[in-house]
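Colleague: Have a look at this one.
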Amino acid sequence: MPFEDHGVYRPLPTPRAARVGERSPAGSGLDAKVDFSEADDASRPSQTLRRGLDVLELIARRGPIGLREISQRMTLTRSTAHRLASALAERDLARLTARGYELGPKLLALAETARLQRPLTVLARPHLEALARQHLDAVNLAIRDDGRVRYVDQTHGARRMTVRSVVGEIRPMATTALGRALLLDESEAVWRKVFAEDPEAPRGQNAVLAWVARMRQFRDQGAAFDVEENADRVRCVAAPIREASGRIVAAISISSLPQYLDDARMAELVEPVTETARAIARELGWRPGATGTPPR
């Protein structure tokens, strides 16, 4: 074994320069033929960097993962896989445990730095503007804040009459499209609790049952509606934004007056709104497949 379980790295002997197919010295313990297609990576730093990043992504997807599996999945010799993984471990981008290689602690620091350099409102802003420019209506960005919806950004629409929200404004969860989008991954028990706590929600068992049934439909289509259910009498189409783990962390919506946003147009807007939400999610590190199965 080129390494020990407690993580002490013992480098393999480096063979002398040789031509492909040349016999190794007798008793050297090397293969009868030496292929230097990978051994000369030092002269190709960009290729080595790409391979190292590929190893890091493999660890992120499959970790903890052993050296043998890294070698097999990336079609690398064991020595090359060991060299790349060890380099990542030396920089704390990966770490070797009894179960194999895992992501290292330095990635947490890098992720926090990236978040501070590009907060949600900054990275989302171009996407909000593009959606508003294409569809002429106001686009909102919101997060969940202590059981309610907080607006954190808005791009104004271009129509003569448009919907305006106040950045920092707090709204209820159950009776807004943004709140419903933020709730799509929650269990039905949580849905019922949120509905019961919303002062603007209608009362009665039938109202609860109807709302839960609508939430199931919204969950299936990946977007939520608000059809003039608030005092402002506006219509909205909202979709959730996910971070790298697949967890919903924010939501966006298109909002407009009923004369501009009938039932047919609301259905048409589901795709562009959800695609914009996915584009923002990719900025946060989300990738297709990261979404877990919503609880029932």
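Labels for the structure tokens follow display order: chains A, B, ..., residues from 1 in each chain, ligands from 1.
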Name the residues in contact with segment 213-229 of chain A at a cut-off of 8 Å, using only C-alpha atoms, excluding same-chain residues fewer than 3 positions from it; report them as a count of residues only.
Modeller: 23
Colleague: DSSP on the backbone: what in segment 137-296 of chain A comes out helix (DSSP H, G or I), as a PyMOL selection string?
Modeller: chain A and resi 177-182+188-197+205-221+263-283
Colleague: Got a sec: who's within 10 Å of Arg91 of chain A, counting only C-alpha atoms, leaving out chain neighbours fewer than 4 positions off, as a list in words?
Modeller: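 Contacts, in chain order: Ser86, Ala87, Arg95, Gly104, Pro105, Lys106 and Leu107 of chain A.
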Colleague: Tell me which protein, DNA and RNA residues are within 8 Å of Arg242 of chain A, counting only C-alpha atoms, leaving out same-chain ones fewer than 5 positions away, and put them as a PyMOL selection string.
Modeller: chain A and resi 247-250+278+281+284+286
Colleague: Between atom CA of Ser255 of chain A and atom CA of Thr162 of chain A, what is the distance, to one decimal in Å?
Modeller: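 Computing it gives 8.4 Å between the two atoms.
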Colleague: Let me make sure I understand: among A:Gly204, A:Gly157, A:Pro126, A:Pro199, which one has the smallest atom-to-atom distance to Ala279 of chain A if we use only C-alpha atoms?
Modeller: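 Closest to Ala279 of chain A of all the choices is A:Pro126.
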Colleague: Select, from A:Asp145, A:Glu129, A:Glu186, A:Glu275, the residue with the minimum atom-to-atom distance to Glu169 of chain A, counting only C-alpha atoms.
Modeller: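 Smallest separation from Glu169 of chain A among the options: A:Asp145.
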Colleague: Near segment 193-196 of chain A, counting only C-alpha atoms, which residues have an atom at most 10 Å away, once you skip same-chain residues fewer than 3 positions from it, shown as number ranges by chain?
Modeller: A: 147-148, 172-175, 179-180, 183, 188-190, 199-204, 207-208, 211-212
Colleague: Generate the output file for the selected residues, N, CA and C atoms, as a PDB file, in the first residue's frame.
Modeller:
```pdb
ATOM      1  N   GLY A 147     -40.659  31.966   9.889  1.00  0.00           N
ATOM      2  CA  GLY A 147     -42.011  31.520   9.596  1.00  0.00           C
ATOM      3  C   GLY A 147     -42.810  32.430   8.690  1.00  0.00           C
ATOM      4  N   ARG A 148     -42.159  33.461   8.134  1.00  0.00           N
ATOM      5  CA  ARG A 148     -42.842  34.353   7.207  1.00  0.00           C
ATOM      6  C   ARG A 148     -41.956  34.591   5.992  1.00  0.00           C
ATOM      7  N   PRO A 172     -47.162  36.832   4.838  1.00  0.00           N
ATOM      8  CA  PRO A 172     -47.448  35.484   5.346  1.00  0.00           C
ATOM      9  C   PRO A 172     -47.006  34.394   4.378  1.00  0.00           C
ATOM     10  N   MET A 173     -46.857  33.189   4.893  1.00  0.00           N
ATOM     11  CA  MET A 173     -46.400  32.062   4.080  1.00  0.00           C
ATOM     12  C   MET A 173     -47.537  31.421   3.293  1.00  0.00           C
ATOM     13  N   ALA A 174     -48.634  31.130   3.953  1.00  0.00           N
ATOM     14  CA  ALA A 174     -49.662  30.278   3.362  1.00  0.00           C
ATOM     15  C   ALA A 174     -50.422  30.945   2.239  1.00  0.00           C
ATOM     16  N   THR A 175     -50.555  32.261   2.279  1.00  0.00           N
ATOM     17  CA  THR A 175     -51.410  32.954   1.315  1.00  0.00           C
ATOM     18  C   THR A 175     -50.633  33.758   0.289  1.00  0.00           C
ATOM     19  N   GLY A 179     -44.382  32.319  -0.462  1.00  0.00           N
ATOM     20  CA  GLY A 179     -44.400  31.471   0.730  1.00  0.00           C
ATOM     21  C   GLY A 179     -44.678  30.029   0.392  1.00  0.00           C
ATOM     22  N   ARG A 180     -45.604  29.786  -0.499  1.00  0.00           N
ATOM     23  CA  ARG A 180     -45.925  28.421  -0.906  1.00  0.00           C
ATOM     24  C   ARG A 180     -44.741  27.760  -1.606  1.00  0.00           C
ATOM     25  N   LEU A 183     -42.295  26.482   0.752  1.00  0.00           N
ATOM     26  CA  LEU A 183     -42.795  25.350   1.539  1.00  0.00           C
ATOM     27  C   LEU A 183     -42.890  24.046   0.758  1.00  0.00           C
ATOM     28  N   GLU A 188     -46.779  17.455   4.789  1.00  0.00           N
ATOM     29  CA  GLU A 188     -48.148  17.958   4.856  1.00  0.00           C
ATOM     30  C   GLU A 188     -48.500  18.404   6.270  1.00  0.00           C
ATOM     31  N   ALA A 189     -47.866  17.804   7.263  1.00  0.00           N
ATOM     32  CA  ALA A 189     -48.092  18.239   8.645  1.00  0.00           C
ATOM     33  C   ALA A 189     -47.607  19.676   8.835  1.00  0.00           C
ATOM     34  N   VAL A 190     -46.465  20.000   8.242  1.00  0.00           N
ATOM     35  CA  VAL A 190     -45.955  21.365   8.317  1.00  0.00           C
ATOM     36  C   VAL A 190     -46.869  22.299   7.543  1.00  0.00           C
ATOM     37  N   PRO A 199     -52.688  34.404   9.687  1.00  0.00           N
ATOM     38  CA  PRO A 199     -53.903  35.151  10.033  1.00  0.00           C
ATOM     39  C   PRO A 199     -54.760  35.518   8.828  1.00  0.00           C
ATOM     40  N   GLU A 200     -54.191  35.477   7.634  1.00  0.00           N
ATOM     41  CA  GLU A 200     -54.960  35.832   6.446  1.00  0.00           C
ATOM     42  C   GLU A 200     -55.595  34.620   5.763  1.00  0.00           C
ATOM     43  N   ALA A 201     -55.323  33.420   6.267  1.00  0.00           N
ATOM     44  CA  ALA A 201     -55.874  32.211   5.657  1.00  0.00           C
ATOM     45  C   ALA A 201     -57.323  32.013   6.089  1.00  0.00           C
ATOM     46  N   PRO A 202     -58.159  31.482   5.190  1.00  0.00           N
ATOM     47  CA  PRO A 202     -59.548  31.209   5.579  1.00  0.00           C
ATOM     48  C   PRO A 202     -59.611  30.114   6.637  1.00  0.00           C
ATOM     49  N   ARG A 203     -60.633  30.145   7.443  1.00  0.00           N
ATOM     50  CA  ARG A 203     -60.772  29.175   8.529  1.00  0.00           C
ATOM     51  C   ARG A 203     -61.665  28.009   8.097  1.00  0.00           C
ATOM     52  N   GLY A 204     -61.579  26.912   8.852  1.00  0.00           N
ATOM     53  CA  GLY A 204     -62.438  25.763   8.601  1.00  0.00           C
ATOM     54  C   GLY A 204     -61.681  24.581   8.033  1.00  0.00           C
ATOM     55  N   ALA A 207     -61.366  24.386   4.250  1.00  0.00           N
ATOM     56  CA  ALA A 207     -60.361  25.302   3.718  1.00  0.00           C
ATOM     57  C   ALA A 207     -58.966  24.687   3.826  1.00  0.00           C
ATOM     58  N   VAL A 208     -58.697  24.020   4.945  1.00  0.00           N
ATOM     59  CA  VAL A 208     -57.392  23.365   5.117  1.00  0.00           C
ATOM     60  C   VAL A 208     -57.205  22.268   4.083  1.00  0.00           C
ATOM     61  N   TRP A 211     -56.556  23.683   0.653  1.00  0.00           N
ATOM     62  CA  TRP A 211     -55.231  24.284   0.545  1.00  0.00           C
ATOM     63  C   TRP A 211     -54.148  23.220   0.423  1.00  0.00           C
ATOM     64  N   VAL A 212     -54.248  22.152   1.211  1.00  0.00           N
ATOM     65  CA  VAL A 212     -53.269  21.063   1.125  1.00  0.00           C
ATOM     66  C   VAL A 212     -53.329  20.407  -0.253  1.00  0.00           C
TER      67      VAL A 212
END
```
Colleague: Please identify all polymer residues within 12 Å of Leu120 of chain A, counting only C-alpha atoms, omitting same-chain residues fewer than 6 positions from it, and present them as a list in words.
Modeller: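 Near Leu120 of chain A, the qualifying residues are Ala114, Pro126, His127, Leu128, Leu141, Ala142, Ile143, Val152, Asp153, Ile241, Arg242, Glu243, Val249, Ala250, Ala251, Ile252, Ala277, Ile280, Ala281, Arg282, Glu283, Leu284 and Gly285 of chain A.
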Colleague: With distances taken over only C-alpha atoms, which of A:Arg99, A:Arg83, A:Arg68, A:His156 is nearest to Arg125 of chain A?
Modeller: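 Ranked by minimum distance to Arg125 of chain A, first place goes to A:His156.
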Colleague: Quick one: pick out all strand (DSSP E or B) residues within segment 48-284 of chain A from a backbone DSSP run and write them as an MDAnalysis selection string.
Modeller: chainID A and resid 65 94:97 100:103 138:145 148:155 170:171 224:227 235:242 248:256
